[in-house]
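Data file: protein_33.cif. Format and content: mmCIF, N, CA and C atoms.
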```cif
data_protein
loop_
_atom_site.label_atom_id
_atom_site.label_comp_id
_atom_site.auth_asym_id
_atom_site.auth_seq_id
_atom_site.Cartn_x
_atom_site.Cartn_y
_atom_site.Cartn_z
N MET A 1 2.50 -9.20 -13.14
CA MET A 1 2.32 -9.82 -11.85
C MET A 1 3.47 -10.77 -11.53
N LEU A 2 3.75 -10.93 -10.26
CA LEU A 2 4.77 -11.87 -9.85
C LEU A 2 4.23 -13.28 -9.96
N ASP A 3 5.06 -14.20 -10.42
CA ASP A 3 4.62 -15.57 -10.66
C ASP A 3 4.29 -16.35 -9.40
N ASP A 4 4.92 -16.00 -8.26
CA ASP A 4 4.75 -16.81 -7.06
C ASP A 4 3.67 -16.29 -6.11
N ILE A 5 2.90 -15.31 -6.52
CA ILE A 5 1.85 -14.75 -5.68
C ILE A 5 0.56 -15.52 -5.91
N GLU A 6 -0.07 -15.91 -4.82
CA GLU A 6 -1.35 -16.60 -4.90
C GLU A 6 -2.49 -15.60 -4.82
N GLY A 7 -3.59 -15.93 -5.47
CA GLY A 7 -4.79 -15.12 -5.42
C GLY A 7 -4.92 -14.20 -6.61
N SER A 8 -6.17 -13.74 -6.81
CA SER A 8 -6.45 -12.85 -7.94
C SER A 8 -6.89 -11.46 -7.50
N GLY A 9 -6.88 -11.20 -6.19
CA GLY A 9 -7.21 -9.86 -5.70
C GLY A 9 -8.70 -9.58 -5.57
N THR A 10 -9.50 -10.65 -5.41
CA THR A 10 -10.93 -10.49 -5.18
C THR A 10 -11.25 -10.95 -3.75
N PRO A 11 -12.42 -10.57 -3.22
CA PRO A 11 -12.76 -11.03 -1.87
C PRO A 11 -12.76 -12.55 -1.71
N ASP A 12 -13.15 -13.26 -2.76
CA ASP A 12 -13.20 -14.72 -2.71
C ASP A 12 -11.84 -15.38 -2.97
N ASP A 13 -10.91 -14.62 -3.54
CA ASP A 13 -9.58 -15.13 -3.88
C ASP A 13 -8.54 -14.03 -3.67
N PRO A 14 -8.33 -13.63 -2.40
CA PRO A 14 -7.42 -12.50 -2.14
C PRO A 14 -5.97 -12.84 -2.46
N TRP A 15 -5.19 -11.77 -2.72
CA TRP A 15 -3.76 -11.96 -2.88
C TRP A 15 -3.19 -12.37 -1.53
N GLN A 16 -2.28 -13.31 -1.52
CA GLN A 16 -1.55 -13.74 -0.34
C GLN A 16 -0.19 -13.06 -0.42
N LEU A 17 0.02 -12.03 0.38
CA LEU A 17 1.20 -11.18 0.27
C LEU A 17 2.00 -11.18 1.57
N THR A 18 3.19 -10.62 1.50
CA THR A 18 3.98 -10.36 2.70
C THR A 18 4.44 -8.91 2.66
N THR A 19 4.71 -8.37 3.83
CA THR A 19 5.24 -7.01 3.92
C THR A 19 6.60 -6.97 3.23
N PRO A 20 7.08 -5.78 2.85
CA PRO A 20 8.35 -5.72 2.12
C PRO A 20 9.52 -6.46 2.78
N PRO A 21 9.69 -6.41 4.12
CA PRO A 21 10.78 -7.20 4.70
C PRO A 21 10.52 -8.71 4.67
N GLY A 22 9.29 -9.12 4.35
CA GLY A 22 8.95 -10.53 4.25
C GLY A 22 8.65 -11.19 5.59
N LYS A 23 8.46 -10.39 6.63
CA LYS A 23 8.26 -10.94 7.98
C LYS A 23 6.81 -11.21 8.33
N SER A 24 5.87 -10.52 7.70
CA SER A 24 4.46 -10.66 8.07
C SER A 24 3.60 -10.92 6.83
N ALA A 25 2.76 -11.93 6.92
CA ALA A 25 1.85 -12.27 5.83
C ALA A 25 0.53 -11.54 6.01
N PHE A 26 -0.12 -11.22 4.90
CA PHE A 26 -1.44 -10.60 4.92
C PHE A 26 -2.15 -10.90 3.61
N GLU A 27 -3.45 -10.66 3.61
CA GLU A 27 -4.26 -10.80 2.40
C GLU A 27 -4.71 -9.42 1.96
N ALA A 28 -4.92 -9.26 0.66
CA ALA A 28 -5.42 -8.00 0.12
C ALA A 28 -6.33 -8.29 -1.06
N TRP A 29 -7.32 -7.42 -1.23
CA TRP A 29 -8.22 -7.54 -2.36
C TRP A 29 -8.88 -6.19 -2.66
N ARG A 30 -9.40 -6.10 -3.87
CA ARG A 30 -10.12 -4.89 -4.30
C ARG A 30 -11.61 -5.11 -4.11
N GLU A 31 -12.29 -4.07 -3.63
CA GLU A 31 -13.75 -4.05 -3.55
C GLU A 31 -14.25 -2.80 -4.30
N PRO A 32 -14.31 -2.89 -5.63
CA PRO A 32 -14.71 -1.73 -6.42
C PRO A 32 -16.17 -1.32 -6.21
N ASP A 33 -17.02 -2.25 -5.75
CA ASP A 33 -18.43 -1.93 -5.56
C ASP A 33 -18.75 -1.45 -4.14
N ALA A 34 -17.74 -1.42 -3.27
CA ALA A 34 -17.95 -0.90 -1.90
C ALA A 34 -18.22 0.59 -1.97
N GLU A 35 -18.77 1.13 -0.91
CA GLU A 35 -19.05 2.57 -0.87
C GLU A 35 -18.30 3.19 0.29
N PRO A 36 -17.20 3.87 0.06
CA PRO A 36 -16.52 4.09 -1.23
C PRO A 36 -15.70 2.86 -1.63
N PRO A 37 -15.32 2.79 -2.92
CA PRO A 37 -14.51 1.67 -3.40
C PRO A 37 -13.24 1.54 -2.55
N ALA A 38 -12.85 0.29 -2.25
CA ALA A 38 -11.77 0.10 -1.29
C ALA A 38 -10.75 -0.93 -1.74
N LEU A 39 -9.52 -0.71 -1.26
CA LEU A 39 -8.49 -1.74 -1.24
C LEU A 39 -8.52 -2.24 0.20
N VAL A 40 -8.79 -3.52 0.38
CA VAL A 40 -8.93 -4.10 1.71
C VAL A 40 -7.69 -4.93 2.02
N VAL A 41 -7.17 -4.72 3.23
CA VAL A 41 -6.02 -5.46 3.71
C VAL A 41 -6.43 -6.17 5.00
N GLN A 42 -6.25 -7.47 5.03
CA GLN A 42 -6.58 -8.28 6.21
C GLN A 42 -5.29 -8.79 6.82
N VAL A 43 -4.99 -8.33 8.05
CA VAL A 43 -3.80 -8.74 8.78
C VAL A 43 -4.28 -9.46 10.03
N LYS A 44 -4.25 -10.78 10.00
CA LYS A 44 -4.81 -11.60 11.08
C LYS A 44 -6.26 -11.18 11.30
N SER A 45 -6.62 -10.67 12.48
CA SER A 45 -8.02 -10.28 12.74
C SER A 45 -8.29 -8.81 12.44
N THR A 46 -7.28 -8.06 12.02
CA THR A 46 -7.43 -6.63 11.76
C THR A 46 -7.64 -6.37 10.28
N GLN A 47 -8.65 -5.57 9.97
CA GLN A 47 -8.92 -5.19 8.58
C GLN A 47 -8.68 -3.70 8.40
N LEU A 48 -7.85 -3.36 7.42
CA LEU A 48 -7.58 -1.97 7.05
C LEU A 48 -8.21 -1.74 5.68
N ARG A 49 -8.76 -0.56 5.49
CA ARG A 49 -9.38 -0.23 4.21
C ARG A 49 -8.82 1.11 3.74
N TYR A 50 -8.38 1.10 2.49
CA TYR A 50 -7.83 2.30 1.86
C TYR A 50 -8.68 2.64 0.63
N HIS A 51 -8.68 3.92 0.26
CA HIS A 51 -9.34 4.31 -0.99
C HIS A 51 -8.75 3.46 -2.12
N LEU A 52 -9.60 2.85 -2.91
CA LEU A 52 -9.13 2.02 -4.02
C LEU A 52 -8.30 2.84 -5.00
N SER A 53 -8.57 4.12 -5.10
CA SER A 53 -7.82 4.99 -6.00
C SER A 53 -6.34 5.09 -5.62
N CYS A 54 -5.98 4.62 -4.42
CA CYS A 54 -4.57 4.70 -4.02
C CYS A 54 -3.67 3.94 -4.98
N ILE A 55 -4.18 2.91 -5.62
CA ILE A 55 -3.36 2.11 -6.54
C ILE A 55 -2.93 2.97 -7.73
N GLU A 56 -3.88 3.56 -8.42
CA GLU A 56 -3.56 4.40 -9.58
C GLU A 56 -2.86 5.67 -9.16
N ASP A 57 -3.30 6.28 -8.06
CA ASP A 57 -2.69 7.53 -7.60
C ASP A 57 -1.23 7.33 -7.22
N ALA A 58 -0.94 6.24 -6.51
CA ALA A 58 0.44 5.98 -6.08
C ALA A 58 1.33 5.68 -7.29
N HIS A 59 0.81 4.92 -8.25
CA HIS A 59 1.60 4.64 -9.44
C HIS A 59 1.91 5.93 -10.19
N ALA A 60 0.93 6.82 -10.33
CA ALA A 60 1.16 8.10 -11.01
C ALA A 60 2.20 8.93 -10.26
N MET A 61 2.10 8.98 -8.94
CA MET A 61 3.06 9.75 -8.14
C MET A 61 4.46 9.18 -8.28
N LEU A 62 4.58 7.85 -8.21
CA LEU A 62 5.90 7.22 -8.33
C LEU A 62 6.49 7.43 -9.72
N THR A 63 5.64 7.37 -10.74
CA THR A 63 6.10 7.61 -12.11
C THR A 63 6.64 9.03 -12.23
N GLU A 64 5.91 9.99 -11.68
CA GLU A 64 6.37 11.38 -11.71
C GLU A 64 7.64 11.56 -10.88
N HIS A 65 7.71 10.89 -9.75
CA HIS A 65 8.90 10.97 -8.87
C HIS A 65 10.14 10.47 -9.63
N GLY A 66 10.00 9.39 -10.37
CA GLY A 66 11.05 8.93 -11.27
C GLY A 66 12.24 8.22 -10.66
N ASP A 67 12.29 8.02 -9.38
CA ASP A 67 13.43 7.37 -8.75
C ASP A 67 12.94 6.58 -7.55
N TRP A 68 13.85 5.88 -6.91
CA TRP A 68 13.49 5.14 -5.70
C TRP A 68 13.03 6.10 -4.61
N MET A 69 12.02 5.70 -3.87
CA MET A 69 11.48 6.48 -2.76
C MET A 69 11.45 5.59 -1.52
N PRO A 70 11.90 6.09 -0.36
CA PRO A 70 11.82 5.27 0.85
C PRO A 70 10.36 5.00 1.23
N LEU A 71 10.10 3.80 1.75
CA LEU A 71 8.73 3.45 2.15
C LEU A 71 8.29 4.23 3.39
N GLY A 72 9.11 4.26 4.41
CA GLY A 72 8.78 5.04 5.61
C GLY A 72 7.58 4.54 6.38
N ASN A 73 7.41 3.27 6.52
CA ASN A 73 6.30 2.65 7.24
C ASN A 73 6.16 3.21 8.66
N ALA A 74 4.94 3.61 9.05
CA ALA A 74 4.69 4.13 10.41
C ALA A 74 3.23 3.96 10.78
N ASP A 75 2.99 3.69 12.07
CA ASP A 75 1.63 3.66 12.60
C ASP A 75 1.01 5.04 12.47
N GLU A 76 -0.30 5.09 12.49
CA GLU A 76 -1.01 6.37 12.37
C GLU A 76 -0.60 7.37 13.45
N GLN A 77 -0.36 6.88 14.65
CA GLN A 77 -0.06 7.76 15.77
C GLN A 77 1.35 8.35 15.70
N LYS A 78 2.20 7.81 14.82
CA LYS A 78 3.56 8.30 14.67
C LYS A 78 3.68 9.18 13.45
N GLU A 79 4.55 10.15 13.52
CA GLU A 79 4.81 11.05 12.40
C GLU A 79 5.53 10.27 11.30
N ALA A 80 5.10 10.45 10.06
CA ALA A 80 5.77 9.83 8.92
C ALA A 80 6.92 10.74 8.47
N LYS A 81 8.05 10.13 8.17
CA LYS A 81 9.22 10.89 7.74
C LYS A 81 8.95 11.54 6.38
N ASP A 82 9.28 12.83 6.26
CA ASP A 82 9.09 13.56 5.01
C ASP A 82 9.78 12.86 3.85
N GLY A 83 9.15 12.91 2.69
CA GLY A 83 9.72 12.35 1.48
C GLY A 83 9.52 10.86 1.32
N THR A 84 8.74 10.25 2.21
CA THR A 84 8.51 8.81 2.12
C THR A 84 7.16 8.51 1.48
N PHE A 85 7.01 7.28 1.05
CA PHE A 85 5.74 6.81 0.50
C PHE A 85 4.64 6.92 1.56
N GLU A 86 4.98 6.58 2.80
CA GLU A 86 4.02 6.70 3.92
C GLU A 86 3.55 8.13 4.08
N ALA A 87 4.48 9.10 4.04
CA ALA A 87 4.11 10.51 4.21
C ALA A 87 3.19 10.96 3.07
N TRP A 88 3.46 10.51 1.84
CA TRP A 88 2.59 10.87 0.73
C TRP A 88 1.19 10.31 0.95
N GLY A 89 1.06 9.12 1.50
CA GLY A 89 -0.25 8.51 1.75
C GLY A 89 -1.08 9.22 2.79
N ARG A 90 -0.49 10.21 3.48
CA ARG A 90 -1.19 11.00 4.50
C ARG A 90 -1.27 12.49 4.13
N SER A 91 -0.58 12.88 3.10
CA SER A 91 -0.39 14.29 2.77
C SER A 91 -1.65 14.97 2.25
N GLU A 92 -1.84 16.20 2.65
CA GLU A 92 -2.96 16.99 2.13
C GLU A 92 -2.78 17.31 0.65
N SER A 93 -1.57 17.11 0.13
CA SER A 93 -1.33 17.39 -1.29
C SER A 93 -1.53 16.17 -2.19
N ASN A 94 -1.89 15.00 -1.62
CA ASN A 94 -2.16 13.85 -2.48
C ASN A 94 -3.58 14.00 -3.07
N PRO A 95 -3.95 13.17 -4.04
CA PRO A 95 -5.24 13.33 -4.72
C PRO A 95 -6.48 13.25 -3.83
N VAL A 96 -6.42 12.58 -2.67
CA VAL A 96 -7.60 12.53 -1.79
C VAL A 96 -7.53 13.60 -0.70
N GLY A 97 -6.44 14.38 -0.68
CA GLY A 97 -6.33 15.49 0.26
C GLY A 97 -6.09 15.07 1.71
N GLY A 98 -5.40 13.94 1.90
CA GLY A 98 -5.09 13.47 3.25
C GLY A 98 -4.95 11.96 3.29
N TRP A 99 -5.40 11.38 4.36
CA TRP A 99 -5.25 9.95 4.58
C TRP A 99 -5.97 9.11 3.52
N TYR A 100 -5.28 8.10 2.97
CA TYR A 100 -5.94 7.13 2.09
C TYR A 100 -6.71 6.11 2.91
N GLY A 101 -6.30 5.88 4.16
CA GLY A 101 -7.01 4.95 5.02
C GLY A 101 -8.31 5.53 5.50
N PHE A 102 -9.33 4.69 5.67
CA PHE A 102 -10.66 5.15 6.05
C PHE A 102 -10.88 5.29 7.54
N LYS A 103 -10.47 4.31 8.33
CA LYS A 103 -10.87 4.26 9.74
C LYS A 103 -9.79 4.84 10.65
N LYS A 104 -10.15 5.87 11.39
CA LYS A 104 -9.22 6.48 12.33
C LYS A 104 -8.68 5.40 13.26
N GLY A 105 -7.39 5.42 13.46
CA GLY A 105 -6.72 4.41 14.26
C GLY A 105 -6.12 3.30 13.41
N LEU A 106 -6.65 3.14 12.18
CA LEU A 106 -6.16 2.10 11.27
C LEU A 106 -5.78 2.68 9.90
N ARG A 107 -5.37 3.95 9.90
CA ARG A 107 -5.05 4.60 8.63
C ARG A 107 -3.57 4.54 8.28
N GLY A 108 -2.73 4.21 9.22
CA GLY A 108 -1.29 4.16 8.98
C GLY A 108 -0.88 2.88 8.28
N ARG A 109 0.42 2.68 8.25
CA ARG A 109 1.03 1.50 7.63
C ARG A 109 0.78 1.42 6.12
N PHE A 110 0.48 2.56 5.52
CA PHE A 110 0.29 2.65 4.07
C PHE A 110 1.53 2.15 3.34
N GLY A 111 2.71 2.52 3.86
CA GLY A 111 3.97 2.12 3.26
C GLY A 111 4.32 0.66 3.48
N ASN A 112 3.55 -0.03 4.28
CA ASN A 112 3.78 -1.44 4.56
C ASN A 112 2.90 -2.34 3.70
N TYR A 113 1.65 -1.93 3.49
CA TYR A 113 0.67 -2.80 2.85
C TYR A 113 0.35 -2.46 1.39
N VAL A 114 0.45 -1.21 0.99
CA VAL A 114 0.12 -0.85 -0.40
C VAL A 114 1.24 -1.22 -1.38
N PRO A 115 2.53 -1.04 -1.03
CA PRO A 115 3.57 -1.41 -2.00
C PRO A 115 3.52 -2.86 -2.50
N PRO A 116 3.26 -3.87 -1.65
CA PRO A 116 3.16 -5.22 -2.21
C PRO A 116 2.01 -5.38 -3.21
N VAL A 117 0.94 -4.61 -3.03
CA VAL A 117 -0.17 -4.65 -3.99
C VAL A 117 0.29 -4.04 -5.32
N LEU A 118 0.98 -2.91 -5.26
CA LEU A 118 1.50 -2.30 -6.48
C LEU A 118 2.47 -3.26 -7.18
N GLU A 119 3.25 -3.97 -6.40
CA GLU A 119 4.20 -4.92 -6.96
C GLU A 119 3.49 -6.08 -7.65
N VAL A 120 2.48 -6.67 -7.00
CA VAL A 120 1.78 -7.81 -7.59
C VAL A 120 1.05 -7.40 -8.87
N LEU A 121 0.65 -6.15 -8.96
CA LEU A 121 -0.01 -5.66 -10.17
C LEU A 121 0.98 -5.25 -11.27
N GLY A 122 2.28 -5.33 -10.96
CA GLY A 122 3.29 -4.97 -11.95
C GLY A 122 3.48 -3.48 -12.10
N LEU A 123 3.02 -2.70 -11.14
CA LEU A 123 3.09 -1.24 -11.23
C LEU A 123 4.32 -0.66 -10.54
N ALA A 124 4.99 -1.45 -9.71
CA ALA A 124 6.13 -0.95 -8.95
C ALA A 124 7.12 -2.05 -8.65
N GLU A 125 8.35 -1.64 -8.42
CA GLU A 125 9.39 -2.50 -7.88
C GLU A 125 9.53 -2.13 -6.41
N VAL A 126 9.67 -3.13 -5.55
CA VAL A 126 9.80 -2.91 -4.12
C VAL A 126 11.01 -3.69 -3.63
N GLU A 127 11.84 -3.02 -2.83
CA GLU A 127 12.96 -3.72 -2.21
C GLU A 127 12.44 -4.62 -1.09
N HIS A 128 13.17 -5.68 -0.80
CA HIS A 128 12.76 -6.63 0.23
C HIS A 128 13.90 -6.90 1.21
N ASN A 129 14.48 -5.84 1.73
CA ASN A 129 15.54 -5.94 2.72
C ASN A 129 14.91 -6.03 4.11
N ALA A 130 15.72 -6.29 5.12
CA ALA A 130 15.22 -6.39 6.49
C ALA A 130 14.65 -5.06 6.98
N ARG A 131 15.14 -3.94 6.48
CA ARG A 131 14.62 -2.62 6.84
C ARG A 131 15.05 -1.59 5.81
N ASN A 132 14.48 -0.40 5.93
CA ASN A 132 14.81 0.74 5.03
C ASN A 132 14.59 0.43 3.55
N ASN A 133 13.44 -0.15 3.23
CA ASN A 133 13.12 -0.49 1.85
C ASN A 133 12.63 0.72 1.06
N HIS A 134 12.72 0.59 -0.26
CA HIS A 134 12.33 1.65 -1.19
C HIS A 134 11.38 1.07 -2.24
N ILE A 135 10.74 1.98 -2.97
CA ILE A 135 9.80 1.63 -4.03
C ILE A 135 10.03 2.57 -5.20
N ARG A 136 9.78 2.07 -6.41
CA ARG A 136 9.80 2.92 -7.61
C ARG A 136 8.81 2.35 -8.61
N ALA A 137 8.34 3.21 -9.50
CA ALA A 137 7.36 2.82 -10.51
C ALA A 137 8.00 1.91 -11.54
N ARG A 138 7.16 1.06 -12.10
CA ARG A 138 7.55 0.23 -13.25
C ARG A 138 6.98 0.86 -14.48
#
```
Any chance you could put this one into C-alpha coordinates?
Amino acid sequence: MLDDIEGSGTPDDPWQLTTPPGKSAFEAWREPDAEPPALVVQVKSTQLRYHLSCIEDAHAMLTEHGDWMPLGNADEQKEAKDGTFEAWGRSESNPVGGWYGFKKGLRGRFGNYVPPVLEVLGLAEVEHNARNNHIRAR
(Lines of atoms letter the chains of each structure in order from A and count residues from 1; the text may use other names and numbers.)
(Lines give C-alpha, C1' and ligand atoms only; values in the text may rest on other atoms or scores of the structure.)
Protein backbone atom coordinates (compact mmCIF):
# COMPACT_ATOMS: atom_id res chain seq x y z
CA MET A 1 0.00 0.00 0.00
CA LEU A 2 1.05 3.58 -0.56
CA ASP A 3 2.07 5.34 2.65
CA ASP A 4 0.21 8.59 1.98
CA ILE A 5 -3.24 7.10 1.30
CA GLU A 6 -5.87 7.58 3.96
CA GLY A 7 -8.48 4.98 4.81
CA SER A 8 -8.64 1.21 5.02
CA GLY A 9 -11.11 0.52 2.20
CA THR A 10 -14.20 -0.15 4.33
CA PRO A 11 -17.53 1.72 4.23
CA ASP A 12 -16.71 3.34 7.59
CA ASP A 13 -13.13 4.20 6.57
CA PRO A 14 -12.97 4.51 2.76
CA TRP A 15 -9.78 5.06 0.83
CA GLN A 16 -9.29 8.74 -0.03
CA LEU A 17 -7.98 8.56 -3.60
CA THR A 18 -7.44 10.72 -6.66
CA THR A 19 -7.79 9.89 -10.33
CA PRO A 20 -4.51 9.04 -12.09
CA PRO A 21 -3.93 12.64 -13.31
CA GLY A 22 -4.50 13.77 -9.70
CA LYS A 23 -7.21 16.26 -10.64
CA SER A 24 -10.27 14.69 -8.97
CA ALA A 25 -10.66 13.23 -5.49
CA PHE A 26 -12.95 10.30 -4.69
CA GLU A 27 -13.57 7.67 -2.05
CA ALA A 28 -13.58 3.91 -2.59
CA TRP A 29 -14.32 0.89 -0.46
CA ARG A 30 -15.09 -2.81 -0.66
CA GLU A 31 -18.50 -4.23 0.22
CA PRO A 32 -17.91 -8.00 0.18
CA ASP A 33 -21.29 -8.71 1.84
CA ALA A 34 -23.31 -6.73 -0.74
CA GLU A 35 -25.39 -8.67 -3.23
CA PRO A 36 -23.48 -8.92 -5.49
CA PRO A 37 -20.18 -8.07 -3.77
CA ALA A 38 -19.06 -4.61 -4.86
CA LEU A 39 -16.23 -2.16 -5.16
CA VAL A 40 -17.94 1.16 -4.42
CA VAL A 41 -16.66 4.48 -5.73
CA GLN A 42 -18.12 7.73 -4.40
CA VAL A 43 -17.44 10.80 -6.55
CA LYS A 44 -19.12 13.79 -4.89
CA SER A 45 -22.85 12.84 -4.97
CA THR A 46 -22.43 10.07 -7.59
CA GLN A 47 -21.91 6.46 -6.56
CA LEU A 48 -20.51 3.89 -8.99
CA ARG A 49 -20.49 0.19 -8.18
CA TYR A 50 -18.30 -2.40 -9.85
CA HIS A 51 -18.09 -6.17 -9.38
CA LEU A 52 -15.69 -6.66 -6.47
CA SER A 53 -13.99 -9.38 -8.51
CA CYS A 54 -12.62 -6.63 -10.78
CA ILE A 55 -9.71 -6.21 -8.37
CA GLU A 56 -8.41 -9.78 -8.68
CA ASP A 57 -9.49 -10.12 -12.32
CA ALA A 58 -7.71 -6.92 -13.37
CA HIS A 59 -4.54 -7.88 -11.52
CA ALA A 60 -4.53 -11.30 -13.22
CA MET A 61 -5.09 -9.70 -16.64
CA LEU A 62 -2.33 -7.14 -16.10
CA THR A 63 0.05 -9.85 -14.87
CA GLU A 64 -0.64 -11.88 -18.01
CA HIS A 65 -0.32 -8.75 -20.19
CA GLY A 66 3.15 -8.24 -18.71
CA ASP A 67 3.74 -4.66 -19.82
CA TRP A 68 2.33 -1.16 -19.49
CA MET A 69 -1.25 -0.82 -20.74
CA PRO A 70 -2.96 2.50 -21.55
CA LEU A 71 -5.83 3.36 -19.18
CA GLY A 72 -8.17 4.68 -21.88
CA ASN A 73 -10.66 6.36 -19.54
CA ALA A 74 -14.09 6.92 -21.19
CA ASP A 75 -17.72 7.53 -20.24
CA GLU A 76 -20.09 4.64 -20.83
CA GLN A 77 -21.66 6.40 -23.82
CA LYS A 78 -18.28 6.69 -25.57
CA GLU A 79 -16.41 3.89 -27.29
CA ALA A 80 -13.35 2.71 -25.37
CA LYS A 81 -10.14 2.55 -27.40
CA ASP A 82 -9.06 -1.03 -28.17
CA GLY A 83 -6.21 -2.38 -26.07
CA THR A 84 -6.92 -0.16 -23.08
CA PHE A 85 -7.74 -1.02 -19.49
CA GLU A 86 -11.12 0.68 -20.00
CA ALA A 87 -11.90 -1.52 -23.03
CA TRP A 88 -11.03 -4.66 -21.05
CA GLY A 89 -13.44 -3.55 -18.29
CA ARG A 90 -16.27 -3.65 -20.86
CA SER A 91 -15.18 -6.60 -22.98
CA GLU A 92 -17.25 -9.73 -23.45
CA SER A 93 -13.98 -11.66 -23.10
CA ASN A 94 -13.29 -10.52 -19.51
CA PRO A 95 -14.23 -12.85 -16.62
CA VAL A 96 -17.69 -11.28 -16.09
CA GLY A 97 -18.47 -11.31 -19.82
CA GLY A 98 -18.97 -7.55 -20.21
CA TRP A 99 -19.29 -4.47 -18.05
CA TYR A 100 -17.82 -4.61 -14.53
CA GLY A 101 -20.04 -1.66 -13.60
CA PHE A 102 -23.53 -2.49 -12.35
CA LYS A 103 -25.78 0.47 -13.16
CA LYS A 104 -26.45 1.42 -16.77
CA GLY A 105 -25.33 4.98 -17.30
CA LEU A 106 -22.68 4.67 -14.57
CA ARG A 107 -20.65 1.73 -15.88
CA GLY A 108 -17.87 3.67 -17.58
CA ARG A 109 -14.78 5.35 -16.18
CA PHE A 110 -13.41 1.95 -15.15
CA GLY A 111 -9.96 3.14 -16.26
CA ASN A 112 -10.28 6.21 -14.05
CA TYR A 113 -11.41 4.74 -10.73
CA VAL A 114 -10.21 1.12 -10.53
CA PRO A 115 -6.46 1.72 -11.15
CA PRO A 116 -6.00 3.84 -8.00
CA VAL A 117 -7.60 1.02 -5.99
CA LEU A 118 -5.20 -1.51 -7.53
CA GLU A 119 -2.36 0.87 -6.72
CA VAL A 120 -3.35 1.36 -3.06
CA LEU A 121 -3.55 -2.42 -2.67
CA GLY A 122 -0.02 -2.79 -4.09
CA LEU A 123 -1.27 -4.76 -7.10
CA ALA A 124 -0.35 -2.27 -9.82
CA GLU A 125 1.80 0.69 -10.75
CA VAL A 126 -0.09 3.62 -12.26
CA GLU A 127 1.34 6.62 -14.06
CA HIS A 128 0.22 10.04 -12.82
CA ASN A 129 0.74 12.32 -15.81
CA ALA A 130 -1.71 15.01 -16.92
CA ARG A 131 -3.05 12.62 -19.59
CA ASN A 132 -2.39 9.33 -21.44
CA ASN A 133 -1.56 7.34 -18.30
CA HIS A 134 -0.70 3.64 -18.21
CA ILE A 135 -0.93 0.79 -15.71
CA ARG A 136 1.01 -2.44 -15.14
CA ALA A 137 0.90 -5.24 -12.60
CA ARG A 138 3.16 -5.36 -9.58
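Using only C-alpha atoms, the contacts of region 100-113 of chain A at a cut-off of 8 Å, with sequence neighbours closer than 6 positions omitted, comprise Thr19, Pro20, Val41, Leu48, Arg49, Tyr50, His51, Cys54, Leu71, Gly72, Asn73, Ala74, Asp75, Glu76, Gln77, Phe85, Glu86, Gly89 and Arg90 of chain A.
Distance check against Pro70 (chain A) using only N, CA and C atoms: of A:Thr10, A:Thr84, A:Ser93, A:Gln16, the minimum falls on A:Thr84.
Across the structure, atom C of Arg131 (chain A) and CA of Pro21 (chain A) are spaced 7.1 Å apart.
Within 5 Å of region 122-125 of chain A there are Met1, Ile135, Arg136, Ala137 and Arg138 of chain A, counting only N, CA and C atoms and ignoring same-chain residues fewer than 6 positions away.
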Inset, instruction - For CA of Phe26 (chain A) and CA of His134 (chain A), quote the distance in Å rounded to one decimal. - result: 19.4 Å
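Here the DSSP assignment of alpha helix (DSSP H), based on backbone atoms, applies within region 42-107 of chain A to Cys54, Ile55, Glu56, Asp57, Ala58, His59, Ala60, Met61, Leu62, Thr63, Glu64, His65, Phe85, Glu86, Ala87 and Trp88 of chain A.
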Contacts of Trp29 (chain A) at 8 Å (all atoms listed in the file; same-chain gap of 5+ positions) as a PDB file with N, CA and C atoms, in the frame of the given file:
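Okay, part.pdb is ready:
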```pdb
ATOM      1  N   SER A   8      -6.170 -13.740  -6.810  1.00  0.00           N
ATOM      2  CA  SER A   8      -6.450 -12.850  -7.940  1.00  0.00           C
ATOM      3  C   SER A   8      -6.890 -11.460  -7.500  1.00  0.00           C
ATOM      4  N   GLY A   9      -6.880 -11.200  -6.190  1.00  0.00           N
ATOM      5  CA  GLY A   9      -7.210  -9.860  -5.700  1.00  0.00           C
ATOM      6  C   GLY A   9      -8.700  -9.580  -5.570  1.00  0.00           C
ATOM      7  N   THR A  10      -9.500 -10.650  -5.410  1.00  0.00           N
ATOM      8  CA  THR A  10     -10.930 -10.490  -5.180  1.00  0.00           C
ATOM      9  C   THR A  10     -11.250 -10.950  -3.750  1.00  0.00           C
ATOM     10  N   PRO A  11     -12.420 -10.570  -3.220  1.00  0.00           N
ATOM     11  CA  PRO A  11     -12.760 -11.030  -1.870  1.00  0.00           C
ATOM     12  C   PRO A  11     -12.760 -12.550  -1.710  1.00  0.00           C
ATOM     13  N   ASP A  12     -13.150 -13.260  -2.760  1.00  0.00           N
ATOM     14  CA  ASP A  12     -13.200 -14.720  -2.710  1.00  0.00           C
ATOM     15  C   ASP A  12     -11.840 -15.380  -2.970  1.00  0.00           C
ATOM     16  N   ASP A  13     -10.910 -14.620  -3.540  1.00  0.00           N
ATOM     17  CA  ASP A  13      -9.580 -15.130  -3.880  1.00  0.00           C
ATOM     18  C   ASP A  13      -8.540 -14.030  -3.670  1.00  0.00           C
ATOM     19  N   PRO A  14      -8.330 -13.630  -2.400  1.00  0.00           N
ATOM     20  CA  PRO A  14      -7.420 -12.500  -2.140  1.00  0.00           C
ATOM     21  C   PRO A  14      -5.970 -12.840  -2.460  1.00  0.00           C
ATOM     22  N   TRP A  15      -5.190 -11.770  -2.720  1.00  0.00           N
ATOM     23  CA  TRP A  15      -3.760 -11.960  -2.880  1.00  0.00           C
ATOM     24  C   TRP A  15      -3.190 -12.370  -1.530  1.00  0.00           C
ATOM     25  N   GLN A  16      -2.280 -13.310  -1.520  1.00  0.00           N
ATOM     26  CA  GLN A  16      -1.550 -13.740  -0.340  1.00  0.00           C
ATOM     27  C   GLN A  16      -0.190 -13.060  -0.420  1.00  0.00           C
ATOM     28  N   ALA A  38     -12.850   0.290  -2.250  1.00  0.00           N
ATOM     29  CA  ALA A  38     -11.770   0.100  -1.290  1.00  0.00           C
ATOM     30  C   ALA A  38     -10.750  -0.930  -1.740  1.00  0.00           C
ATOM     31  N   LEU A  39      -9.520  -0.710  -1.260  1.00  0.00           N
ATOM     32  CA  LEU A  39      -8.490  -1.740  -1.240  1.00  0.00           C
ATOM     33  C   LEU A  39      -8.520  -2.240   0.200  1.00  0.00           C
ATOM     34  N   VAL A  40      -8.790  -3.520   0.380  1.00  0.00           N
ATOM     35  CA  VAL A  40      -8.930  -4.100   1.710  1.00  0.00           C
ATOM     36  C   VAL A  40      -7.690  -4.930   2.020  1.00  0.00           C
ATOM     37  N   VAL A  41      -7.170  -4.720   3.230  1.00  0.00           N
ATOM     38  CA  VAL A  41      -6.020  -5.460   3.710  1.00  0.00           C
ATOM     39  C   VAL A  41      -6.430  -6.170   5.000  1.00  0.00           C
ATOM     40  N   GLN A  42      -6.250  -7.470   5.030  1.00  0.00           N
ATOM     41  CA  GLN A  42      -6.580  -8.280   6.210  1.00  0.00           C
ATOM     42  C   GLN A  42      -5.290  -8.790   6.820  1.00  0.00           C
TER      43      GLN A  42
END
```
